[in-house]
>>> print(open('target-v9.txt').read())   # compact mmCIF, C-alpha atoms
# COMPACT_ATOMS: atom_id res chain seq x y z
CA MET A 1 4.06 -25.71 -47.80
CA LYS A 2 4.44 -22.92 -45.31
CA GLN A 3 2.76 -19.67 -46.36
CA TYR A 4 4.59 -16.44 -45.75
CA HIS A 5 2.73 -13.20 -45.07
CA GLY A 6 3.59 -9.53 -44.93
CA ALA A 7 2.00 -6.34 -43.62
CA THR A 8 2.57 -2.59 -43.40
CA SER A 9 1.79 -0.34 -40.46
CA LEU A 10 1.29 3.42 -40.66
CA GLY A 11 1.78 6.10 -38.02
CA GLU A 12 3.99 4.16 -35.62
CA SER A 13 5.61 5.95 -32.70
CA GLN A 14 7.07 4.13 -29.71
CA HIS A 15 8.54 0.69 -30.34
CA ARG A 16 7.00 -0.68 -27.13
CA PHE A 17 3.52 0.31 -28.37
CA LYS A 18 3.94 -0.88 -31.96
CA THR A 19 0.78 -1.95 -33.74
CA ASP A 20 -0.15 -5.64 -33.69
CA VAL A 21 -0.02 -6.51 -37.39
CA ASN A 22 -0.66 -10.22 -36.81
CA LEU A 23 -4.29 -9.77 -35.86
CA ILE A 24 -7.11 -10.47 -38.32
CA PHE A 25 -10.87 -10.64 -37.84
CA GLY A 26 -12.52 -13.29 -35.69
CA ASN A 27 -9.81 -13.08 -33.00
CA GLN A 28 -7.52 -15.00 -35.39
CA ARG A 29 -3.84 -14.38 -35.93
CA ARG A 30 -1.75 -14.50 -39.09
CA GLU A 31 1.93 -14.47 -38.28
CA ARG A 32 3.72 -11.97 -40.53
CA GLN A 33 7.27 -12.66 -41.58
CA TYR A 34 7.67 -9.50 -43.72
CA VAL A 35 6.77 -6.41 -41.75
CA LEU A 36 7.17 -2.78 -42.77
CA ARG A 37 6.57 -0.15 -40.09
CA THR A 38 6.41 3.53 -41.00
CA THR A 39 6.55 6.58 -38.79
CA LEU A 40 6.28 10.32 -39.27
CA HIS A 41 9.21 10.82 -36.87
CA SER A 42 12.75 11.30 -38.13
CA LEU A 43 15.31 8.68 -37.13
CA SER A 44 16.91 11.04 -34.59
CA VAL A 45 13.57 11.88 -32.91
CA TRP A 46 12.59 8.22 -32.90
CA ARG A 47 15.90 7.27 -31.26
CA THR A 48 15.34 9.85 -28.52
CA ARG A 49 11.83 8.54 -27.90
CA ASN A 50 12.93 4.90 -27.89
CA PRO A 51 16.06 4.76 -25.76
CA GLY A 52 17.67 1.35 -25.55
CA VAL A 53 16.02 -0.08 -28.68
CA GLY A 54 18.70 -1.68 -30.86
CA LEU A 55 18.58 -0.82 -34.56
CA SER A 56 20.68 -0.95 -37.71
CA PRO A 57 20.09 2.32 -39.57
CA PHE A 58 20.66 2.97 -43.28
CA LYS A 59 19.67 5.47 -45.94
CA ILE A 60 17.76 4.74 -49.12
CA LYS A 61 17.22 6.68 -52.30
CA ASN A 62 14.12 6.25 -54.44
CA LEU A 63 14.00 8.60 -57.44
CA GLN A 64 14.88 11.97 -55.89
CA MET A 65 13.77 11.00 -52.39
CA ILE A 66 16.20 10.04 -49.64
CA LYS A 67 14.70 8.24 -46.65
CA GLU A 68 16.17 6.98 -43.42
CA ALA A 69 15.37 3.38 -42.55
CA ALA A 70 16.43 0.79 -40.00
CA ILE A 71 16.05 -2.85 -39.13
CA VAL A 72 14.55 -3.34 -35.69
CA ASP A 73 13.82 -6.90 -34.49
CA ARG A 74 14.11 -8.17 -38.08
CA GLU A 75 11.41 -5.72 -39.17
CA VAL A 76 11.91 -2.79 -41.55
CA TRP A 77 11.19 0.68 -40.13
CA VAL A 78 11.14 3.70 -42.45
CA PHE A 79 11.19 7.22 -41.00
CA ASN A 80 9.72 10.57 -42.12
CA VAL A 81 6.80 8.79 -43.77
CA ASN A 82 3.57 10.76 -44.05
CA GLY A 83 0.63 8.38 -44.46
CA THR A 84 -1.09 10.81 -46.82
CA VAL A 85 1.87 11.19 -49.22
CA PRO A 86 1.96 8.36 -51.80
CA GLN A 87 5.63 8.86 -52.67
CA ASP A 88 6.66 8.46 -49.01
CA ILE A 89 4.87 5.13 -48.72
CA ILE A 90 6.02 3.89 -52.13
CA ALA A 91 9.64 4.56 -51.14
CA ALA A 92 9.10 2.69 -47.86
CA VAL A 93 7.45 -0.32 -49.54
CA LYS A 94 10.31 -0.53 -52.03
CA VAL A 95 12.83 -0.69 -49.19
CA ALA A 96 10.92 -3.53 -47.54
CA CYS A 97 10.54 -5.41 -50.86
CA SER A 98 14.24 -5.12 -51.48
CA TYR A 99 15.22 -6.14 -47.92
CA TYR A 100 12.95 -9.21 -47.85
CA ASN A 101 13.17 -9.92 -51.60
CA VAL A 102 9.40 -10.13 -51.99
CA SER A 103 6.82 -8.41 -54.23
CA PRO A 104 4.95 -5.19 -53.26
CA SER A 105 1.70 -7.14 -52.92
CA THR A 106 3.27 -9.22 -50.11
CA ILE A 107 4.12 -6.10 -48.13
CA PHE A 108 1.19 -3.89 -49.05
CA SER A 109 -1.98 -6.03 -49.10
CA ASP A 110 -2.72 -5.74 -45.37
CA ILE A 111 -2.16 -2.26 -43.91
CA TYR A 112 -2.63 -1.43 -40.23
CA ALA A 113 -3.06 1.77 -38.21
CA LYS A 114 -3.86 2.40 -34.56
CA ASN A 115 -5.66 5.50 -33.33
CA LEU A 116 -4.43 7.87 -36.04
CA ASN A 117 -5.23 11.43 -35.10
CA VAL A 118 -4.18 14.94 -35.96
CA GLU A 119 -2.55 17.20 -33.39
CA ARG A 120 -5.23 19.18 -31.62
CA GLU A 121 -4.69 22.91 -31.86
CA ASN A 122 -5.23 24.62 -28.52
CA SER A 123 -8.45 26.23 -29.58
CA MET A 124 -9.77 23.24 -31.52
CA ALA A 125 -13.24 22.16 -30.45
CA ASP A 126 -14.24 18.50 -30.42
CA GLN A 127 -16.31 18.76 -33.62
CA ALA A 128 -13.41 20.40 -35.46
CA LEU A 129 -11.07 17.66 -34.24
CA ILE A 130 -13.46 14.95 -35.44
CA ARG A 131 -13.71 16.66 -38.85
CA ALA A 132 -9.91 16.89 -39.06
CA ASN A 133 -9.55 13.21 -38.13
CA LYS A 134 -12.21 12.20 -40.70
CA ASP A 135 -10.21 14.04 -43.35
CA LEU A 136 -7.07 12.26 -42.16
CA TYR A 137 -8.58 8.76 -42.45
CA MET A 138 -10.20 9.61 -45.80
CA ASN A 139 -6.88 10.85 -47.18
CA VAL A 140 -4.99 7.82 -45.84
CA CYS A 141 -7.49 5.54 -47.61
CA LYS A 142 -7.08 7.43 -50.87
CA THR A 143 -3.31 7.31 -50.47
CA ILE A 144 -3.33 3.55 -49.86
CA ALA A 145 -5.33 2.97 -53.05
CA GLU A 146 -3.03 5.28 -55.01
CA VAL A 147 0.11 3.57 -53.67
CA ALA A 148 -1.30 0.14 -54.55
CA ARG A 149 -2.10 1.34 -58.10
CA GLN A 150 1.36 2.81 -58.59
CA LEU A 151 3.03 -0.36 -57.28
CA GLY A 152 0.99 -2.48 -59.69
CA ILE A 153 -0.93 -4.33 -56.98
CA THR A 154 -4.06 -5.72 -58.60
CA ASN A 155 -5.66 -7.51 -55.67
CA GLU A 156 -7.86 -5.77 -53.10
CA VAL A 157 -6.06 -4.34 -50.11
CA ASN A 158 -7.29 -4.41 -46.51
CA PHE A 159 -6.86 -1.40 -44.24
CA TYR A 160 -7.18 -2.49 -40.59
CA VAL A 161 -7.80 0.21 -37.98
CA PHE A 162 -7.71 -0.04 -34.19
CA SER A 163 -10.01 2.61 -32.74
CA LYS A 164 -12.52 2.49 -29.89
CA ASN A 165 -16.12 2.84 -31.10
CA ASN A 166 -16.74 5.75 -28.75
CA ASN A 167 -13.32 7.35 -29.33
CA PRO A 168 -14.14 11.04 -28.79
CA LYS A 169 -11.54 12.01 -31.42
CA ILE A 170 -13.37 10.00 -34.09
CA PRO A 171 -16.46 8.00 -33.12
CA VAL A 172 -17.17 4.81 -35.10
CA ASN A 173 -19.79 6.27 -37.45
CA ASP A 174 -17.44 9.09 -38.44
CA LEU A 175 -14.57 6.62 -38.87
CA HIS A 176 -16.62 4.34 -41.13
CA ASP A 177 -17.93 7.33 -43.15
CA ALA A 178 -14.36 8.57 -43.61
CA LEU A 179 -13.13 5.15 -44.79
CA LYS A 180 -16.00 4.95 -47.30
CA GLU A 181 -15.39 8.51 -48.49
CA GLY A 182 -11.77 7.47 -48.96
CA GLY A 183 -12.89 4.83 -51.47
CA ALA A 184 -13.49 1.69 -49.39
CA HIS A 185 -16.25 -0.41 -50.95
CA GLU A 186 -16.74 -2.37 -47.73
CA VAL A 187 -16.16 -1.32 -44.12
CA LYS A 188 -16.84 -3.53 -41.14
CA ALA A 189 -16.05 -3.86 -37.45
CA ASP A 190 -14.97 -7.07 -35.73
CA VAL A 191 -17.14 -8.37 -32.90
CA HIS A 192 -14.01 -8.94 -30.80
CA ARG A 193 -12.24 -6.20 -28.88
CA HIS A 194 -8.53 -6.13 -28.12
CA LYS A 195 -6.27 -4.76 -25.42
CA VAL A 196 -3.94 -2.10 -26.83
CA HIS A 197 -1.67 0.64 -25.59
CA ALA A 198 -2.16 4.02 -27.27
CA ALA A 199 0.28 6.88 -26.71
CA ARG A 200 -0.35 10.60 -26.99
CA ASN A 201 1.20 12.18 -30.07
CA ASP A 202 4.01 13.59 -27.92
CA ASP A 203 4.53 10.15 -26.27
CA SER A 204 4.40 11.62 -22.77
CA ASP A 205 1.50 9.48 -21.53
CA PHE A 206 -0.26 6.38 -22.70
CA VAL A 207 -3.61 4.73 -22.26
CA THR A 208 -4.34 1.03 -21.97
CA GLN A 209 -7.77 0.27 -23.34
CA MET A 210 -9.99 -2.40 -24.84
CA THR A 211 -10.41 -1.17 -28.38
CA ASN A 212 -12.48 -2.05 -31.45
CA PHE A 213 -11.01 -3.37 -34.66
CA HIS A 214 -12.20 -2.24 -38.10
CA MET A 215 -11.42 -3.20 -41.68
CA ALA A 216 -11.86 -1.25 -44.92
CA ARG A 217 -11.50 -3.08 -48.24
CA LEU A 218 -10.08 -1.04 -51.07
CA ARG A 219 -10.06 -1.86 -54.77
CA THR A 220 -7.10 -0.58 -56.69
CA MET B 1 22.22 14.55 1.12
CA PRO B 2 18.84 13.92 2.80
CA GLU B 3 17.20 10.54 2.20
CA LYS B 4 14.15 10.45 -0.01
CA ASP B 5 10.96 8.40 0.21
CA VAL B 6 8.68 7.54 -2.67
CA TRP B 7 4.94 7.80 -2.14
CA ILE B 8 2.26 6.17 -4.27
CA ALA B 9 -1.33 7.26 -4.91
CA LEU B 10 -3.89 5.31 -6.94
CA THR B 11 -5.97 7.81 -8.84
CA LYS B 12 -9.32 7.91 -10.57
CA SER B 13 -9.90 10.95 -12.73
CA ARG B 14 -12.39 12.41 -15.18
CA PRO B 15 -11.34 13.79 -18.60
CA LEU B 16 -12.04 17.48 -19.18
CA PRO B 17 -12.74 18.97 -22.64
CA GLY B 18 -9.63 18.84 -24.82
CA CYS B 19 -7.98 16.00 -22.85
CA GLU B 20 -5.46 14.24 -25.14
CA ILE B 21 -5.49 11.12 -22.97
CA ASP B 22 -9.19 10.66 -23.64
CA MET B 23 -8.96 8.12 -26.46
CA ASP B 24 -11.56 5.81 -25.05
CA GLY B 25 -14.62 7.91 -24.34
CA CYS B 26 -14.96 6.42 -20.86
CA GLU B 27 -16.08 8.45 -17.86
CA PHE B 28 -13.00 7.80 -15.72
CA TYR B 29 -9.34 6.90 -16.21
CA PHE B 30 -7.20 5.18 -13.57
CA ALA B 31 -3.47 5.54 -12.97
CA ASP B 32 -0.86 4.93 -10.29
CA SER B 33 1.18 7.99 -9.41
CA PHE B 34 4.56 8.23 -7.69
CA LEU B 35 6.31 11.17 -6.05
CA ALA B 36 9.63 11.37 -4.20
CA MET B 37 9.80 13.51 -1.06
CA GLU B 38 12.34 14.22 1.67
CA GLU B 39 12.04 11.97 4.72
CA GLU B 40 11.36 14.98 6.91
CA GLN B 41 8.18 15.63 4.90
CA ARG B 42 6.58 12.38 6.11
CA PRO B 43 4.08 14.05 8.47
CA VAL B 44 2.64 16.08 5.59
CA ALA B 45 3.42 13.70 2.73
CA ILE B 46 -0.14 12.59 2.04
CA ALA B 47 -1.40 16.15 1.76
CA ILE B 48 1.50 17.16 -0.51
CA LEU B 49 1.06 14.07 -2.68
CA ALA B 50 -2.68 14.67 -3.11
CA GLU B 51 -2.08 18.29 -4.08
CA LYS B 52 0.75 17.55 -6.53
CA VAL B 53 -1.16 14.67 -8.13
CA LYS B 54 -4.21 16.89 -8.55
CA GLU B 55 -2.07 19.56 -10.22
CA ALA B 56 -0.28 17.06 -12.48
CA LEU B 57 -3.58 15.57 -13.61
CA LEU B 58 -5.01 19.03 -14.35
CA THR B 59 -2.09 19.82 -16.67
CA ARG B 60 -3.25 16.74 -18.61
CA LYS B 61 -6.84 18.03 -18.51
CA LEU B 62 -7.91 15.35 -16.07
CA GLU B 63 -9.89 16.20 -12.94
CA LEU B 64 -9.07 14.13 -9.87
CA GLU B 65 -12.17 12.29 -8.69
CA GLU B 66 -10.73 10.01 -6.05
CA ILE B 67 -7.53 8.69 -4.51
CA SER B 68 -8.26 5.12 -3.46
CA LEU B 69 -4.92 4.38 -1.82
CA CYS B 70 -2.07 6.56 -0.66
CA ALA B 71 1.04 5.08 0.99
CA ARG B 72 4.81 5.17 1.27
CA PHE B 73 6.24 2.92 -1.45
CA VAL B 74 8.94 0.68 0.01
CA ASN B 75 10.29 -1.59 -2.72
CA GLU B 76 10.47 -4.82 -0.75
CA GLU B 77 6.98 -4.41 0.67
CA TRP B 78 5.22 -4.41 -2.69
CA VAL B 79 4.43 -7.18 -5.13
CA ASP B 80 3.64 -5.98 -8.62
CA GLN B 81 0.58 -7.72 -10.06
CA THR B 82 -0.36 -4.96 -12.43
CA ASP B 83 0.48 -6.42 -15.86
CA SER B 84 1.72 -2.95 -16.77
CA ILE B 85 4.32 -1.96 -19.33
CA GLU B 86 6.54 -0.57 -16.54
CA THR B 87 6.58 -2.18 -13.12
CA MET B 88 5.68 -0.21 -10.03
CA HIS B 89 9.30 -0.58 -8.92
CA ALA B 90 10.59 0.94 -12.17
CA LEU B 91 8.16 3.83 -11.83
CA SER B 92 9.22 4.35 -8.22
CA ASN B 93 12.88 4.50 -9.34
CA LYS B 94 11.92 7.06 -11.99
CA ALA B 95 10.22 9.15 -9.32
CA LEU B 96 13.40 9.11 -7.22
CA GLU B 97 15.29 10.67 -10.13
CA SER B 98 12.62 13.31 -10.75
CA ASN B 99 11.03 16.17 -8.89
CA SER B 100 7.72 15.56 -10.63
CA VAL B 101 4.81 13.19 -10.26
CA ILE B 102 5.42 10.05 -12.35
CA PHE B 103 2.34 8.30 -13.71
CA SER B 104 1.89 4.72 -14.84
CA GLY B 105 -0.12 4.35 -18.05
CA PHE B 106 -3.71 5.52 -17.79
CA ARG B 107 -6.22 2.66 -17.76
CA SER B 108 -9.68 2.91 -19.22
CA GLU B 109 -12.61 1.69 -17.13
CA ASP B 110 -12.82 -1.54 -19.19
CA ILE B 111 -9.22 -2.35 -18.40
CA GLN B 112 -9.61 -1.48 -14.75
CA GLU B 113 -12.61 -3.81 -14.54
CA LEU B 114 -11.12 -6.62 -16.62
CA TYR B 115 -7.64 -6.76 -15.25
CA HIS B 116 -8.26 -6.09 -11.58
CA TYR B 117 -5.13 -4.15 -10.78
CA HIS B 118 -4.19 -5.22 -7.31
CA HIS B 119 -1.38 -3.95 -5.18
CA THR B 120 -0.36 -6.18 -2.35
CA VAL B 121 1.74 -5.34 0.63
CA LYS B 122 3.97 -8.35 1.28
CA GLU B 123 4.00 -9.68 4.81
CA LEU B 124 7.48 -8.93 6.09
CA ASN B 125 7.57 -12.00 8.33
CA GLU B 126 6.68 -14.31 5.40
CA GLN B 127 9.41 -16.81 4.59
>>> encode(input="target-v9.txt", output="structure tokens")
Amino acid sequence: MKQYHGATSLGESQHRFKTDVNLIFGNQRRERQYVLRTTLHSLSVWRTRNPGVGLSPFKIKNLQMIKEAAIVDREVWVFNVNGTVPQDIIAAVKVACSYYNVSPSTIFSDIYAKNLNVERENSMADQALIRANKDLYMNVCKTIAEVARQLGITNEVNFYVFSKNNNPKIPVNDLHDALKEGGAHEVKADVHRHKVHAARNDDSDFVTQMTNFHMARLRT
Amino acid sequence: MPEKDVWIALTKSRPLPGCEIDMDGCEFYFADSFLAMEEEQRPVAIAILAEKVKEALLTRKLELEEISLCARFVNEEWVDQTDSIETMHALSNKALESNSVIFSGFRSEDIQELYHYHHTVKELNEQ
């Protein structure tokens, strides 16, 4: 019997640089049929930054929260989602569950992010930026665990992160510390590296790099 | 309206403190840069291109280390072997519609070494 898999990505920006959610450790791939992609951008900003990408937009209401969403390439995108706000992610997961008619654990057991980082203030020194990014990853981890609890997911969830080991915005030791401080009981890095495209937060330039691949396991 | 040329420069640059492109921690980043200029600027095009590229990199907090190739980009003379998200020809067209320097993506040193970005001038008498 064919097995169907799902995944969620956080912090997406440009469609052409979307995170590879099919990758797992050991240079293996798990094809995902149910994919939820979330972005901090509003639908209108995202459209401006992704000219020519076809999408079917719609609005959703979860409790008192209204979110914009769209289907792009048979994947669910939800906009205005802050990766450190549980209610944002819960609303997004519910949309994906409803669209694909699957359970939350199908969508939210494998979560991916690529080079998350806070906006650097003009005067921000490197150490301050690293501290801010550690806080960001720690808070995302805590949020993932909280979302899983609230959605009734009882299995462990995996948080996969693409980030170069010597990324000056968050070197590997700081990244792993942040994931552990965020509640991960196990954090490891894959021996394989992968080619990715990573855009600046304002999307004006991008870098092509060979990056490292990390996984944090979180108990709910 | 005067005709315009597009010029290409292959750049190697070093990230300065606070560089947002520096997501890799490598010493140098590589990028192809394109700039449109009036035909009458041909005699001074290389000097203008080098200066404008240097300025454009500095606004991104990158310091130009080296330009390894600088030439007039004529569409039919170039074969794109770069495995880039946007082809050289698409970037050249963008440059024609802009007054600014247009950059390809920035490549980390690993990528530059692994993917061997080559730019080949096609022999015009080839059949």
>>> closest_atom_pairs(input="target-v9.txt", of="chain B", to="chain A", cutoff="12 Å", atoms="only C-alpha atoms", output="JSON lines")
{"residue": "B:Pro15", "atom": "CA", "partner": "A:Pro168", "partner_atom": "CA", "distance": 10.9}
{"residue": "B:Leu16", "atom": "CA", "partner": "A:Asp126", "partner_atom": "CA", "distance": 11.5}
{"residue": "B:Pro17", "atom": "CA", "partner": "A:Asp126", "partner_atom": "CA", "distance": 7.9}
{"residue": "B:Gly18", "atom": "CA", "partner": "A:Asp126", "partner_atom": "CA", "distance": 7.3}
{"residue": "B:Cys19", "atom": "CA", "partner": "A:Arg120", "partner_atom": "CA", "distance": 9.7}
{"residue": "B:Glu20", "atom": "CA", "partner": "A:Arg200", "partner_atom": "CA", "distance": 6.5}
{"residue": "B:Ile21", "atom": "CA", "partner": "A:Arg200", "partner_atom": "CA", "distance": 6.5}
{"residue": "B:Asp22", "atom": "CA", "partner": "A:Pro168", "partner_atom": "CA", "distance": 7.2}
{"residue": "B:Met23", "atom": "CA", "partner": "A:Asn167", "partner_atom": "CA", "distance": 5.3}
{"residue": "B:Asp24", "atom": "CA", "partner": "A:Asn167", "partner_atom": "CA", "distance": 4.9}
{"residue": "B:Gly25", "atom": "CA", "partner": "A:Asn167", "partner_atom": "CA", "distance": 5.2}
{"residue": "B:Cys26", "atom": "CA", "partner": "A:Asn166", "partner_atom": "CA", "distance": 8.1}
{"residue": "B:Glu27", "atom": "CA", "partner": "A:Asn166", "partner_atom": "CA", "distance": 11.2}
{"residue": "B:Phe28", "atom": "CA", "partner": "A:Val207", "partner_atom": "CA", "distance": 11.8}
{"residue": "B:Tyr29", "atom": "CA", "partner": "A:Val207", "partner_atom": "CA", "distance": 8.6}
{"residue": "B:Phe30", "atom": "CA", "partner": "A:Val207", "partner_atom": "CA", "distance": 9.4}
{"residue": "B:Ala31", "atom": "CA", "partner": "A:Val207", "partner_atom": "CA", "distance": 9.3}
{"residue": "B:Ala56", "atom": "CA", "partner": "A:Asp205", "partner_atom": "CA", "distance": 11.9}
{"residue": "B:Leu57", "atom": "CA", "partner": "A:Asp205", "partner_atom": "CA", "distance": 11.2}
{"residue": "B:Thr59", "atom": "CA", "partner": "A:Asp205", "partner_atom": "CA", "distance": 12.0}
{"residue": "B:Arg60", "atom": "CA", "partner": "A:Asp205", "partner_atom": "CA", "distance": 9.2}
{"residue": "B:Thr82", "atom": "CA", "partner": "A:Thr208", "partner_atom": "CA", "distance": 11.9}
{"residue": "B:Asp83", "atom": "CA", "partner": "A:Thr208", "partner_atom": "CA", "distance": 10.8}
{"residue": "B:Ser84", "atom": "CA", "partner": "A:Thr208", "partner_atom": "CA", "distance": 8.9}
{"residue": "B:Ile85", "atom": "CA", "partner": "A:Arg16", "partner_atom": "CA", "distance": 8.3}
{"residue": "B:Glu86", "atom": "CA", "partner": "A:Arg16", "partner_atom": "CA", "distance": 10.6}
{"residue": "B:Ile102", "atom": "CA", "partner": "A:Asp205", "partner_atom": "CA", "distance": 10.0}
{"residue": "B:Phe103", "atom": "CA", "partner": "A:Asp205", "partner_atom": "CA", "distance": 8.0}
{"residue": "B:Ser104", "atom": "CA", "partner": "A:Asp205", "partner_atom": "CA", "distance": 8.2}
{"residue": "B:Gly105", "atom": "CA", "partner": "A:Phe206", "partner_atom": "CA", "distance": 5.1}
{"residue": "B:Phe106", "atom": "CA", "partner": "A:Val207", "partner_atom": "CA", "distance": 4.5}
{"residue": "B:Arg107", "atom": "CA", "partner": "A:Thr208", "partner_atom": "CA", "distance": 4.9}
{"residue": "B:Ser108", "atom": "CA", "partner": "A:Gln209", "partner_atom": "CA", "distance": 5.3}
{"residue": "B:Glu109", "atom": "CA", "partner": "A:Gln209", "partner_atom": "CA", "distance": 8.0}
{"residue": "B:Asp110", "atom": "CA", "partner": "A:Met210", "partner_atom": "CA", "distance": 6.4}
{"residue": "B:Ile111", "atom": "CA", "partner": "A:Gln209", "partner_atom": "CA", "distance": 5.8}
{"residue": "B:Gln112", "atom": "CA", "partner": "A:Gln209", "partner_atom": "CA", "distance": 9.0}
{"residue": "B:Glu113", "atom": "CA", "partner": "A:Met210", "partner_atom": "CA", "distance": 10.7}
{"residue": "B:Leu114", "atom": "CA", "partner": "A:Met210", "partner_atom": "CA", "distance": 9.3}
{"residue": "B:Tyr115", "atom": "CA", "partner": "A:Lys195", "partner_atom": "CA", "distance": 10.5}
>>> atom_distance(input="target-v9.txt", atom1="CA of Asp190 in chain A", atom2="CA of Met215 in chain A")
7.9 Å
>>> residues_around(input="target-v9.txt", residues="Lys94 in chain B", least_positions_apart="6", cutoff="10 Å", atoms="only C-alpha atoms", output="JSON, numbers by chain")
{"B": [6, 34, 35, 36, 88, 100, 101, 102, 103]}
>>> closest_residue(input="target-v9.txt", among="A:Lys67, A:Lys188, A:Lys114, A:Arg30", to="Gln3 in chain A", atoms="all atoms listed in the file")
A:Arg30
>>> atom_distance(input="target-v9.txt", atom1="CA of Glu181 in chain A", atom2="CA of Ile144 in chain A")
13.1 Å
>>> axis_aligned_box(input="target-v9.txt", around="range 32-37 of chain B", padding_each_side="5 Å", output="AutoDock Vina command-line options")
--center_x 4.5 --center_y 9.2 --center_z -5.7 --size_x 20.7 --size_y 18.6 --size_z 19.2
>>> residues_around(input="target-v9.txt", residues="range 57-62 of chain A", least_positions_apart="2", cutoff="10 Å", atoms="all atoms listed in the file", output="list of chain:residue names")
A:Leu43, A:Gly54, A:Leu55, A:Gln64, A:Met65, A:Ile66, A:Lys67, A:Glu68, A:Ala69, A:Ala70, A:Ile71, A:Val72, A:Val76, A:Trp77, A:Val78, A:Phe79, A:Gln87, A:Asp88, A:Ile90, A:Ala91, A:Ala92, A:Lys94, A:Val95
